[in-house]
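Chemist: A single structure is presented below for examination.
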Amino acid sequence: MQKYLTRVSTGILAGVAVVVALSIPSYAHHGWGGNSEQETEMTGTLEAPVSLAGPHATMKLRVNGEVWDITMAPSARTDRAGLKEGIIPLGATVTVLGHKNKTANRFEMKTEKVTWNNRVFAVYPDLH
């Protein structure tokens with residue numbers, strides 16, 4: 001009986017450890033803590049197209065000679081906002097509204113809204 005209880009409790013502990021381990025990257029990933037609270041608008045040239053391949057949609061903009069990594073909402077949410085891969089051509093002028101990374105010379109922005117060709121893609125519509 002004791003062997004059975006030891007095996008069960010070991011299995012429960014292993015299961016709890018797996019759940020905790022899997023939840024840590026998810027928790028760390030979704031924070032806005034590394035970004036400025038101040039909202040910023042920037043306009044630049046699309047250097048790398050919109051990608052919906054990762055957990056969040058991304059693209060790259062050249063602004064004043066610097067290439068910025070633009071992170072948007074989760075891919076499915078960005079797609080529902082109408083911002084799909086291939087919709088904005090490379091070299092197009094794009095305006096983004098969001099929060100820059102707090103670290104100096106780290107050209108990253110978490111973006112709430114993208115504007116291109118008089119079209120507004122509110123990837124986080126609940127923030128506006």
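Just so we're on the same page: first chain in the structure tokens is A, next is B, and so on; residues restart at 1 for each chain, and ligands are numbered from 1 in the order they show up.
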Within 8 Å of A:Thr40, counting only C-alpha atoms, which residues show up once you throw out same-chain ones fewer than 4 positions away? Write them as a count of residues only, please.
Modeler: 4
Chemist: A:Ile70: which residues within 7 Å, counting only C-alpha atoms, same-chain residues fewer than 2 positions away excluded, as a short mmCIF file (atom, residue, chain, number, x, y, z; two decimals) with N, CA, C and O atoms, in the first residue's frame?
Modeler:
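Final file, around28.cif:
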```
data_model
loop_
_atom_site.label_atom_id
_atom_site.label_comp_id
_atom_site.auth_asym_id
_atom_site.auth_seq_id
_atom_site.Cartn_x
_atom_site.Cartn_y
_atom_site.Cartn_z
N THR A 58 4.23 40.38 -36.06
CA THR A 58 5.40 41.25 -36.06
C THR A 58 5.60 41.87 -37.43
O THR A 58 5.05 41.40 -38.43
N MET A 59 6.39 42.93 -37.47
CA MET A 59 6.89 43.53 -38.70
C MET A 59 8.07 44.41 -38.32
O MET A 59 8.35 44.59 -37.13
N LYS A 60 8.77 44.95 -39.30
CA LYS A 60 9.90 45.84 -39.04
C LYS A 60 9.68 47.13 -39.80
O LYS A 60 9.31 47.10 -40.98
N TRP A 68 13.10 49.25 -36.48
CA TRP A 68 12.33 48.95 -35.28
C TRP A 68 11.62 47.62 -35.42
O TRP A 68 11.01 47.34 -36.46
N MET A 72 2.84 43.24 -32.40
CA MET A 72 1.42 43.57 -32.34
C MET A 72 0.70 42.57 -31.45
O MET A 72 1.32 41.86 -30.66
N GLU A 108 12.38 48.57 -30.17
CA GLU A 108 11.21 47.68 -30.14
C GLU A 108 10.00 48.48 -29.67
O GLU A 108 10.12 49.37 -28.84
N MET A 109 8.84 48.11 -30.21
CA MET A 109 7.61 48.76 -29.79
C MET A 109 6.48 47.73 -29.75
O MET A 109 6.32 46.95 -30.69
N LYS A 110 5.73 47.73 -28.65
CA LYS A 110 4.48 46.96 -28.58
C LYS A 110 3.40 47.88 -29.13
O LYS A 110 3.19 48.97 -28.62
N THR A 111 2.77 47.46 -30.18
CA THR A 111 1.90 48.33 -30.95
C THR A 111 0.43 48.01 -30.76
O THR A 111 0.03 46.85 -30.76
#
```
Chemist: Which residue out of A:Thr45, A:Thr93, A:Thr115, A:Thr103 has the minimum interatomic distance to A:Leu61 when only C-alpha atoms are used?
Modeler: A:Thr45
Chemist: Where in stretch 27-116 of chain A does DSSP assign strand (DSSP E or B), given as a ChimeraX atom specification?
Modeler: /A:35,40-51,56-63,66-74,93-101,108-116
Chemist: Find the spatial neighbours of A:Ser75, counting only C-alpha atoms, within a cut-off of 7 Å - ignore same-chain residues fewer than 2 positions away - and output them as a PyMOL selection string.
Modeler: chain A and resi 52+54-57+73+77-79
Chemist: Using N, CA, C and O atoms, can you export the residues from the last selection as an mmCIF file, in the first residue's frame?
Modeler:
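Once everything was written out, this is selection35.cif:
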```
data_model
loop_
_atom_site.group_PDB
_atom_site.id
_atom_site.type_symbol
_atom_site.label_atom_id
_atom_site.label_comp_id
_atom_site.auth_asym_id
_atom_site.auth_seq_id
_atom_site.Cartn_x
_atom_site.Cartn_y
_atom_site.Cartn_z
ATOM 1 N N LEU A 52 2.459 36.628 -39.264
ATOM 2 C CA LEU A 52 1.532 36.061 -38.277
ATOM 3 C C LEU A 52 2.037 34.707 -37.789
ATOM 4 O O LEU A 52 1.287 33.942 -37.189
ATOM 5 N N GLY A 54 4.333 33.815 -35.428
ATOM 6 C CA GLY A 54 4.628 33.590 -34.016
ATOM 7 C C GLY A 54 3.401 33.772 -33.142
ATOM 8 O O GLY A 54 2.285 33.932 -33.631
ATOM 9 N N PRO A 55 3.639 33.779 -31.848
ATOM 10 C CA PRO A 55 2.513 33.988 -30.929
ATOM 11 C C PRO A 55 1.928 35.390 -31.070
ATOM 12 O O PRO A 55 0.755 35.605 -30.825
ATOM 13 N N HIS A 56 2.767 36.358 -31.477
ATOM 14 C CA HIS A 56 2.311 37.720 -31.750
ATOM 15 C C HIS A 56 2.708 38.079 -33.173
ATOM 16 O O HIS A 56 3.753 37.657 -33.668
ATOM 17 N N ALA A 57 1.881 38.889 -33.828
ATOM 18 C CA ALA A 57 2.219 39.375 -35.157
ATOM 19 C C ALA A 57 3.396 40.341 -35.032
ATOM 20 O O ALA A 57 3.540 41.032 -34.021
ATOM 21 N N ALA A 73 -0.585 42.510 -31.585
ATOM 22 C CA ALA A 73 -1.409 41.590 -30.795
ATOM 23 C C ALA A 73 -1.098 40.148 -31.196
ATOM 24 O O ALA A 73 -0.397 39.904 -32.183
ATOM 25 N N ARG A 77 -5.646 37.584 -33.362
ATOM 26 C CA ARG A 77 -6.318 38.865 -33.087
ATOM 27 C C ARG A 77 -5.928 39.914 -34.129
ATOM 28 O O ARG A 77 -6.762 40.702 -34.579
ATOM 29 N N THR A 78 -4.656 39.941 -34.508
ATOM 30 C CA THR A 78 -4.193 40.866 -35.545
ATOM 31 C C THR A 78 -4.889 40.561 -36.860
ATOM 32 O O THR A 78 -5.337 41.463 -37.572
ATOM 33 N N ASP A 79 -4.995 39.295 -37.188
ATOM 34 C CA ASP A 79 -5.687 38.861 -38.406
ATOM 35 C C ASP A 79 -7.156 39.308 -38.378
ATOM 36 O O ASP A 79 -7.677 39.816 -39.374
#
```
Chemist: So which residues touch A:Val114 within 9 Å, counting only C-alpha atoms, skipping near sequence neighbours fewer than 5 positions away, as a list in words?
Modeler: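 Close residues of A:Val114: Met72, Leu83, Val94, Thr95, Val96, Leu97, Arg119, Val120, Phe121, Ala122 and Val123 of chain A.
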Chemist: Take atom CA of A:Val50 and atom CA of A:Asn101 and report the distance between them in Å, one decimal.
Modeler: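 So the two atoms, atom CA of A:Val50 and atom CA of A:Asn101, lie 19.5 Å apart.
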Chemist: Based on the backbone DSSP call, show me all residues of stretch 12-121 of chain A assigned helix (DSSP H, G or I), as a list in words.
Modeler: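 Of stretch 12-121 of chain A, the ones in helix (DSSP H, G or I) are Ile12, Leu13, Ala14, Gly15, Val16, Ala17, Val18, Val19, Val20, Ala21, Leu22, Ser23, Ile24, Pro25, Ser26, Tyr27, Ala28, His29, Ser75, Ala76, Arg77, Thr78, Asp79 and Arg80 of chain A.
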Chemist: Which is closest to A:Gly86 among A:Pro74, A:Gly65, A:Pro49, A:Gly33, if we use only C-alpha atoms?
Modeler: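 Under the stated criterion, the closest residue is A:Pro49.
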Chemist: Restricting the calculation to only C-alpha atoms: of A:Asp126, A:Glu47, A:Glu85, A:Glu39, which residue gets closest to A:Asp69?
Modeler: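 Answer, going by the shortest atom-to-atom distance: A:Glu47.
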